[in-house]
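One file, input.cif, carrying mmCIF, C-alpha atoms:
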```
data_query
#
loop_
_atom_site.label_atom_id
_atom_site.label_comp_id
_atom_site.auth_asym_id
_atom_site.auth_seq_id
_atom_site.Cartn_x
_atom_site.Cartn_y
_atom_site.Cartn_z
CA MET N 1 -4.40 75.10 219.82
CA ALA N 2 -5.91 78.48 218.95
CA SER N 3 -2.87 80.35 220.26
CA SER N 4 -0.47 78.23 218.18
CA LEU N 5 -2.58 78.98 215.08
CA VAL N 6 -2.38 82.71 215.82
CA ARG N 7 1.42 82.47 216.27
CA SER N 8 1.69 80.60 212.93
CA ILE N 9 -0.35 83.23 211.08
CA SER N 10 1.71 85.99 212.69
CA ARG N 11 4.96 84.37 211.55
CA SER N 12 3.56 84.06 207.98
CA LEU N 13 2.59 87.73 207.91
CA ARG N 14 6.06 88.78 209.13
CA THR N 15 7.64 86.61 206.41
CA VAL N 16 5.46 88.18 203.69
CA THR N 17 6.23 91.69 204.98
CA ALA N 18 9.95 90.94 205.01
CA ALA N 19 9.76 89.55 201.49
CA ARG N 20 8.05 92.73 200.34
CA LEU N 21 10.68 94.89 202.01
CA MET N 22 13.44 92.82 200.42
CA SER N 23 11.89 92.96 196.98
CA ASN N 24 14.09 94.36 194.21
CA VAL N 25 11.05 95.74 192.38
CA PRO N 26 11.17 99.56 192.43
CA GLU N 27 8.36 101.15 194.43
CA ASN N 28 7.13 103.18 191.48
CA THR N 29 6.37 100.12 189.32
CA VAL N 30 2.90 98.63 189.12
CA TYR N 31 4.20 95.06 188.92
CA GLY N 32 7.47 93.21 188.46
CA GLY N 33 7.11 92.69 184.73
CA PRO N 34 10.10 92.54 182.40
CA LYS N 35 13.43 93.97 183.49
CA PRO N 36 14.37 97.48 182.28
CA GLN N 37 15.74 97.66 178.76
CA ASN N 38 19.49 97.71 178.25
CA PRO N 39 21.49 98.29 175.02
CA ASN N 40 21.50 94.56 174.31
CA GLN N 41 17.71 94.26 174.44
CA ARG N 42 14.83 95.50 172.33
CA VAL N 43 14.90 99.16 171.29
CA THR N 44 11.90 100.99 172.70
CA LEU N 45 9.90 104.02 171.57
CA THR N 46 11.33 105.88 174.57
CA GLN N 47 14.86 105.21 173.36
CA LEU N 48 13.96 106.40 169.85
CA MET N 49 12.51 109.61 171.23
CA GLN N 50 15.66 110.11 173.31
CA LYS N 51 17.80 109.74 170.20
CA HIS N 52 15.53 112.18 168.39
CA LYS N 53 15.78 114.68 171.24
CA LYS N 54 19.59 114.45 171.12
CA ARG N 55 19.48 114.83 167.30
CA GLU N 56 21.06 111.41 166.85
CA ALA N 57 20.13 109.83 163.51
CA ILE N 58 17.74 106.86 163.62
CA THR N 59 18.61 103.91 161.39
CA VAL N 60 15.85 101.82 159.80
CA VAL N 61 16.13 98.85 157.43
CA THR N 62 13.27 97.08 155.69
CA ALA N 63 13.64 93.30 155.85
CA TYR N 64 11.34 90.37 155.16
CA ASP N 65 12.81 87.11 156.47
CA TYR N 66 14.85 85.46 159.21
CA PRO N 67 18.35 85.67 157.63
CA SER N 68 18.06 89.35 156.77
CA ALA N 69 16.59 90.07 160.21
CA VAL N 70 19.62 88.44 161.84
CA HIS N 71 21.91 90.68 159.77
CA VAL N 72 19.93 93.79 160.72
CA ASP N 73 20.05 92.75 164.36
CA THR N 74 23.80 92.08 164.31
CA ALA N 75 24.48 95.49 162.73
CA GLY N 76 22.70 97.25 165.60
CA ILE N 77 20.05 98.92 163.41
CA ASP N 78 17.46 100.81 165.50
CA VAL N 79 14.28 99.79 163.67
CA CYS N 80 13.46 96.85 161.43
CA LEU N 81 10.46 97.51 159.19
CA VAL N 82 8.63 94.56 157.67
CA GLY N 83 7.36 96.37 154.61
CA ASP N 84 4.58 95.54 152.21
CA SER N 85 7.28 96.13 149.58
CA ALA N 86 7.81 92.40 150.09
CA SER N 87 5.12 92.16 147.43
CA MET N 88 7.63 93.49 144.89
CA VAL N 89 11.03 92.51 146.30
CA VAL N 90 10.20 88.99 147.47
CA HIS N 91 7.06 87.95 145.59
CA GLY N 92 7.88 89.54 142.23
CA HIS N 93 4.82 91.74 141.80
CA ASP N 94 5.00 95.13 140.10
CA THR N 95 3.28 96.93 143.01
CA THR N 96 2.69 96.53 146.74
CA LEU N 97 -1.04 96.03 146.26
CA PRO N 98 -1.32 92.22 145.87
CA ILE N 99 0.19 91.16 149.19
CA SER N 100 -2.32 90.09 151.84
CA LEU N 101 -2.33 90.51 155.60
CA ASP N 102 -1.85 86.76 156.06
CA GLU N 103 1.23 86.87 153.82
CA MET N 104 2.56 89.87 155.73
CA LEU N 105 2.15 87.99 159.00
CA VAL N 106 4.38 85.19 157.70
CA HIS N 107 7.11 87.74 156.96
CA CYS N 108 6.59 89.44 160.33
CA ARG N 109 6.97 86.20 162.27
CA ALA N 110 10.15 85.28 160.41
CA VAL N 111 11.69 88.69 161.10
CA ALA N 112 10.63 88.58 164.75
CA ARG N 113 12.49 85.30 165.17
CA GLY N 114 15.69 86.82 163.75
CA ALA N 115 15.79 90.41 165.05
CA LYS N 116 15.91 90.56 168.84
CA ARG N 117 17.19 94.10 169.33
CA PRO N 118 15.56 96.50 166.81
CA LEU N 119 12.10 97.93 167.31
CA LEU N 120 9.90 95.89 164.97
CA VAL N 121 7.34 97.66 162.79
CA GLY N 122 4.95 95.80 160.49
CA ASP N 123 3.17 97.34 157.51
CA LEU N 124 -0.58 97.13 157.23
CA PRO N 125 -1.06 96.06 153.59
CA PHE N 126 -3.57 97.50 151.17
CA GLY N 127 -7.10 96.33 151.94
CA SER N 128 -6.48 95.59 155.62
CA TYR N 129 -7.45 98.91 157.24
CA GLU N 130 -9.40 101.14 154.81
CA SER N 131 -12.98 99.93 155.33
CA THR N 132 -13.66 100.76 158.97
CA THR N 133 -11.83 101.65 162.13
CA ILE N 134 -12.82 98.22 163.45
CA GLN N 135 -11.05 96.57 160.51
CA ALA N 136 -8.01 98.79 161.06
CA VAL N 137 -7.72 97.98 164.76
CA ASP N 138 -8.34 94.25 164.18
CA SER N 139 -5.59 94.14 161.54
CA ALA N 140 -3.17 96.05 163.76
CA VAL N 141 -3.89 93.71 166.66
CA ARG N 142 -3.07 90.71 164.44
CA VAL N 143 0.25 92.26 163.40
CA LEU N 144 1.26 92.49 167.06
CA LYS N 145 -0.29 89.29 168.42
CA GLU N 146 0.34 86.98 165.45
CA GLY N 147 3.24 88.77 163.79
CA GLY N 148 5.32 89.53 166.86
CA MET N 149 5.72 93.21 165.95
CA ASP N 150 6.06 96.14 168.35
CA ALA N 151 4.23 98.66 166.18
CA ILE N 152 2.48 99.06 162.84
CA LYS N 153 2.86 101.40 159.87
CA LEU N 154 0.10 102.68 157.64
CA GLU N 155 0.17 104.87 154.55
CA GLY N 156 -1.49 108.11 153.61
CA GLY N 157 -3.10 111.09 155.26
CA SER N 158 -6.69 111.17 154.03
CA PRO N 159 -9.32 111.76 156.72
CA SER N 160 -10.14 108.05 156.84
CA ARG N 161 -6.45 107.11 157.23
CA ILE N 162 -6.02 109.71 159.98
CA THR N 163 -9.07 108.28 161.73
CA ALA N 164 -7.67 104.76 161.37
CA ALA N 165 -4.32 105.83 162.81
CA ARG N 166 -6.02 107.54 165.76
CA SER N 167 -8.21 104.50 166.46
CA ILE N 168 -5.22 102.15 166.42
CA VAL N 169 -3.27 104.43 168.78
CA GLU N 170 -6.29 104.61 171.10
CA ALA N 171 -6.34 100.81 171.09
CA GLY N 172 -2.87 100.93 172.63
CA ILE N 173 -0.82 100.20 169.51
CA ALA N 174 2.07 102.38 168.35
CA VAL N 175 1.69 103.71 164.81
CA MET N 176 4.23 104.95 162.27
CA GLY N 177 2.73 107.17 159.57
CA HIS N 178 3.82 107.43 155.93
CA VAL N 179 3.39 110.41 153.60
CA GLY N 180 4.76 111.64 150.28
CA LEU N 181 4.90 108.82 147.76
CA THR N 182 2.58 106.21 149.21
CA PRO N 183 2.86 103.11 146.99
CA GLN N 184 -0.56 101.77 148.00
CA ALA N 185 -2.13 104.87 146.38
CA ILE N 186 -0.45 104.60 142.98
CA SER N 187 -3.80 104.37 141.20
CA VAL N 188 -4.58 107.86 142.53
CA LEU N 189 -1.04 109.21 142.22
CA GLY N 190 -0.68 107.96 138.65
CA GLY N 191 2.25 105.66 139.40
CA PHE N 192 5.34 105.79 141.58
CA ARG N 193 5.70 109.56 141.39
CA PRO N 194 7.57 111.86 143.81
CA GLN N 195 5.43 114.26 145.82
CA GLY N 196 5.91 117.80 147.13
CA ARG N 197 7.30 119.20 143.89
CA ASN N 198 4.89 122.14 143.70
CA ILE N 199 3.53 124.53 146.32
CA ALA N 200 0.23 122.78 146.98
CA SER N 201 1.77 119.32 147.09
CA ALA N 202 4.63 120.45 149.34
CA VAL N 203 2.25 122.09 151.81
CA LYS N 204 0.08 118.97 151.76
CA VAL N 205 3.05 116.78 152.73
CA VAL N 206 3.79 118.95 155.78
CA GLU N 207 0.14 119.27 156.80
CA THR N 208 -0.45 115.54 156.44
CA ALA N 209 2.60 114.74 158.55
CA MET N 210 1.32 117.13 161.22
CA ALA N 211 -2.13 115.52 161.11
CA LEU N 212 -0.58 112.07 161.64
CA GLN N 213 1.37 113.46 164.59
CA GLU N 214 -1.86 114.87 166.00
CA ALA N 215 -3.46 111.43 165.59
CA GLY N 216 -0.79 109.99 167.88
CA CYS N 217 1.80 108.56 165.48
CA PHE N 218 5.26 108.14 167.03
CA SER N 219 7.06 108.89 163.73
CA VAL N 220 6.38 109.56 160.07
CA VAL N 221 8.07 108.17 156.96
CA LEU N 222 8.66 110.80 154.25
CA GLU N 223 9.09 109.11 150.87
CA CYS N 224 10.26 110.68 147.62
CA VAL N 225 9.92 114.36 148.47
CA PRO N 226 12.41 117.21 147.85
CA PRO N 227 14.87 117.90 150.71
CA PRO N 228 13.39 121.36 151.54
CA VAL N 229 9.98 119.74 152.02
CA SER N 230 11.31 117.03 154.31
CA ALA N 231 13.35 119.64 156.20
CA ALA N 232 10.21 121.70 156.74
CA ALA N 233 8.23 118.67 157.93
CA THR N 234 11.03 117.62 160.27
CA SER N 235 11.16 121.11 161.76
CA ALA N 236 7.39 121.31 162.16
CA LEU N 237 7.08 117.98 163.98
CA HIS N 238 8.19 116.97 167.45
CA ILE N 239 8.27 113.29 166.45
CA PRO N 240 10.99 111.71 164.27
CA THR N 241 10.78 111.74 160.48
CA ILE N 242 12.26 108.79 158.61
CA GLY N 243 13.39 109.65 155.09
CA ILE N 244 13.48 107.44 152.03
CA GLY N 245 14.41 109.38 148.93
CA ALA N 246 13.74 112.55 150.93
CA GLY N 247 17.23 113.95 151.40
CA PRO N 248 19.50 114.26 154.46
CA PHE N 249 17.39 116.51 156.69
CA CYS N 250 15.14 113.86 158.27
CA SER N 251 15.55 112.43 161.77
CA GLY N 252 16.55 109.08 160.30
CA GLN N 253 16.73 107.06 157.11
CA VAL N 254 15.30 103.79 155.82
CA LEU N 255 16.37 101.58 152.92
CA VAL N 256 15.34 98.11 151.82
CA TYR N 257 17.82 95.36 152.75
CA HIS N 258 18.01 93.96 149.21
CA ASP N 259 18.41 97.42 147.66
CA LEU N 260 21.22 98.70 149.86
CA LEU N 261 23.14 95.44 149.44
CA GLY N 262 22.80 95.44 145.66
CA MET N 263 21.48 91.94 146.09
CA MET N 264 19.51 91.36 142.90
CA GLN N 265 20.40 92.24 139.34
CA HIS N 266 17.66 91.01 137.06
CA PRO N 267 15.12 92.75 134.81
CA HIS N 268 12.31 92.82 137.35
CA HIS N 269 14.42 94.16 140.18
CA ALA N 270 15.98 96.78 137.94
CA LYS N 271 12.42 97.91 137.33
CA VAL N 272 11.62 98.36 141.02
CA THR N 273 14.98 99.51 142.43
CA PRO N 274 14.53 103.18 143.33
CA LYS N 275 16.81 105.93 142.02
CA PHE N 276 17.48 107.24 145.52
CA CYS N 277 19.00 104.01 146.82
CA LYS N 278 22.72 103.85 147.49
CA GLN N 279 24.14 100.36 147.04
CA TYR N 280 26.64 99.68 149.80
CA ALA N 281 27.65 96.36 148.25
CA GLN N 282 27.22 94.30 145.11
CA VAL N 283 26.01 91.15 146.80
CA GLY N 284 23.98 90.15 143.75
CA GLU N 285 27.15 89.82 141.67
CA VAL N 286 28.73 87.63 144.35
CA ILE N 287 25.61 85.44 144.43
CA ASN N 288 25.49 85.10 140.65
CA LYS N 289 29.19 84.21 140.52
CA ALA N 290 28.78 81.57 143.23
CA LEU N 291 25.79 79.99 141.47
CA LEU N 292 27.64 79.85 138.14
CA GLU N 293 30.64 78.21 139.80
CA TYR N 294 28.36 75.70 141.50
CA LYS N 295 26.67 74.87 138.21
CA GLU N 296 30.03 74.42 136.48
CA GLU N 297 31.46 72.14 139.18
CA VAL N 298 28.37 69.96 139.29
CA SER N 299 28.37 69.73 135.49
CA LYS N 300 32.03 68.62 135.54
CA HIS N 301 31.43 66.20 138.43
CA SER N 302 34.07 67.97 140.50
CA PHE N 303 31.56 68.73 143.28
CA PRO N 304 31.11 67.12 145.68
CA GLY N 305 34.64 65.82 146.14
CA PRO N 306 36.12 63.92 149.09
CA SER N 307 36.19 66.96 151.40
CA HIS N 308 32.43 67.44 150.92
CA SER N 309 31.55 63.74 151.17
CA PRO N 310 32.24 63.25 154.88
CA TYR N 311 30.21 60.14 155.66
CA LYS N 312 32.27 56.94 155.57
CA ILE N 313 31.61 53.22 155.63
CA SER N 314 34.35 50.94 156.93
CA SER N 315 36.04 48.51 154.53
CA ASN N 316 34.59 45.55 156.43
CA ASP N 317 31.06 46.94 156.27
CA LEU N 318 31.56 47.82 152.61
CA ASP N 319 32.53 44.21 151.85
CA GLY N 320 29.48 42.98 153.71
CA PHE N 321 27.27 45.48 151.88
CA LEU N 322 28.61 44.35 148.49
CA SER N 323 28.01 40.74 149.46
CA GLU N 324 24.41 41.46 150.44
CA LEU N 325 23.80 43.29 147.16
CA GLN N 326 25.09 40.29 145.22
CA LYS N 327 22.83 37.96 147.20
CA LEU N 328 19.92 40.14 146.15
CA GLY N 329 20.96 39.74 142.52
CA LEU N 330 22.05 43.40 142.30
CA ASP N 331 25.44 42.76 140.75
CA GLU N 332 25.52 46.06 138.86
CA ALA N 333 24.69 47.98 142.03
CA ALA N 334 27.48 46.13 143.86
CA SER N 335 29.94 47.00 141.08
CA ALA N 336 28.86 50.66 141.19
CA ALA N 337 29.33 50.79 144.95
CA ALA N 338 32.79 49.18 144.73
CA ALA N 339 33.88 51.49 141.92
CA SER N 340 32.66 54.57 143.81
CA ALA N 341 34.60 53.54 146.93
CA GLU N 342 37.75 53.09 144.89
CA LYS N 343 37.27 56.41 143.15
CA MET N 344 36.67 58.31 146.43
CA GLU N 345 39.78 56.74 147.94
CA SER N 346 41.82 57.70 144.89
CA SER N 347 40.46 61.27 144.90
CA ALA N 348 41.18 61.65 148.62
CA SER N 349 44.72 60.45 148.08
CA LEU N 350 45.27 62.96 145.25
CA SER N 351 43.81 65.87 147.21
CA SER N 352 46.05 65.15 150.21
CA GLN N 353 49.23 65.31 148.08
#
```
Could you quickly redo this structure as C-alpha cells?
Amino acid sequence: MASSLVRSISRSLRTVTAARLMSNVPENTVYGGPKPQNPNQRVTLTQLMQKHKKREAITVVTAYDYPSAVHVDTAGIDVCLVGDSASMVVHGHDTTLPISLDEMLVHCRAVARGAKRPLLVGDLPFGSYESTTIQAVDSAVRVLKEGGMDAIKLEGGSPSRITAARSIVEAGIAVMGHVGLTPQAISVLGGFRPQGRNIASAVKVVETAMALQEAGCFSVVLECVPPPVSAAATSALHIPTIGIGAGPFCSGQVLVYHDLLGMMQHPHHAKVTPKFCKQYAQVGEVINKALLEYKEEVSKHSFPGPSHSPYKISSNDLDGFLSELQKLGLDEAASAAAASAEKMESSASLSSQ
C-alpha cells in the first residue's frame, strides 16, 4: 500500500517536471502573464521609446468618446490622449477648469472601449491632484483602474506639480508632463497665452521640462511655444517631446480629433479652435449639409420612403388587423392604416420603375 503511494507520488512529480520543461514561458519571465506585444496589440512605453531612439515621429490624437477612439485606433495612431479639453470641445465650456474627475472617467472608459491599439493617456483635471501627493496618487489610480488608461498626464512644472508627478511615478504609474501653455493655469497666465517668447520664459520651459523628466515622466507635451524653444527642450531631454503649436522639432505631435477634422463650425468652437491647428478635412460642413438635407426630407415627408421602411405586414394579417380595429370602434385608425398600406405600395411601385 505504502509502496504504491510512493510510486504514485513519484509519477506525479515526473509529470510536473515534464510540464515545466515543456512550458513555452521563457525562463527569464517571472510568470506567464500576457503574451508579448505585437504590432496589432497595445502600444507600450517601450515601443514609444524605441521610436524615439530611432527618431521616428510619434503620433498622438486627443479623443473623448467611443466613435472617435475607434477612428484613432483604425488609423494606427501611437497614443490616444483623453484630454480635459473635453470640457471645452464636448461640454461647451470656455475653459478646461469645470470638468471633474468623475466626468473625465466617463470619457476615459468610452475611449478605452474603442481604442485597442494606441497607448491610452488620461488627463488629471484641475482640482484632482493639487492638494496633496495622496490626492494626486489616488486620482491617478482611479484613471487607470476605473478609466482603463495606461498612463496619466498632468500640467505644469511648479514644485508641487513636480512632487505630484514624482509621487505618481513612484506609485508605479506612467506620467506624461505638460509645459508651455498649460490651460489649467490660465488664471495665472492671464488667458490662453503662448509661452517661451522671452528669455526668462524660454529658459523656464526648458528647465521645467527637464525637471519633469527628472521626476520620472516618460514624455512631455510642449504647448504653444516658439520652435527654437521646443527644439532646445527636445535636444536637452532623453524622453520624447510631444508638440502642440510648438513647431516641427518635437519628437511627436498631438492635435484634437475634432480640430484636425474640421468637425465643428459654430461660434463657440470658433472661439476655442487654436490657430496652430491644421484642418485635414471639413467634416463639420459635411455634417451640417447632411442635417439640413434630413430636415428638408422630413419636412416634405419624403423620408422615410419604402426603402427605409423595411418592416412588412402580410395582406392577410393587414385585413385581420383592420377588422380588429373596427371591432374596437377605431374606424378612423383602420382607415389610416389602410390608406398608409396603399400609399406605401404605390410608392414602392414608383421607386422600382
I'd like to know which of N:Ser68, N:Tyr129, N:Ala174, N:Arg42 is closest to N:Lys116, using all atoms listed in the file.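 The shortest atom-to-atom distance to N:Lys116 comes from N:Arg42.
Proximity to N:Leu105 was assessed for N:Val137, N:Ile173, N:Ala290, N:Leu144 counting all atoms listed in the file; the smallest distance is recorded for N:Leu144.
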Please enumerate the residues selected by the PyMOL selection byres ((chain N and resi 151) around 6) when evaluated against the supplied file, formatted as a list in words.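 Written out, the selection comes to Val121, Met149, Asp150, Ile152, Ala174 and Val175 of chain N.
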Pick out the closest residue to N:Ile134 from this set: N:Thr163, N:Asn198, N:Gln41, N:Thr95. Count only C-alpha atoms.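 Answer, going by the shortest atom-to-atom distance: N:Thr163.
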Exercise: residues within 12 Å of coordinate (3.4, 105.7, 153.0), counting only C-alpha atoms, as a PyMOL selection string: chain N and resi 83-85+96+123-126+152-158+161+176-186+192+194-195+205+208-209+212+219-225+242-244
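In this structure, atom CA of N:Lys275 sits 21.0 Å away from atom CA of N:Val82.
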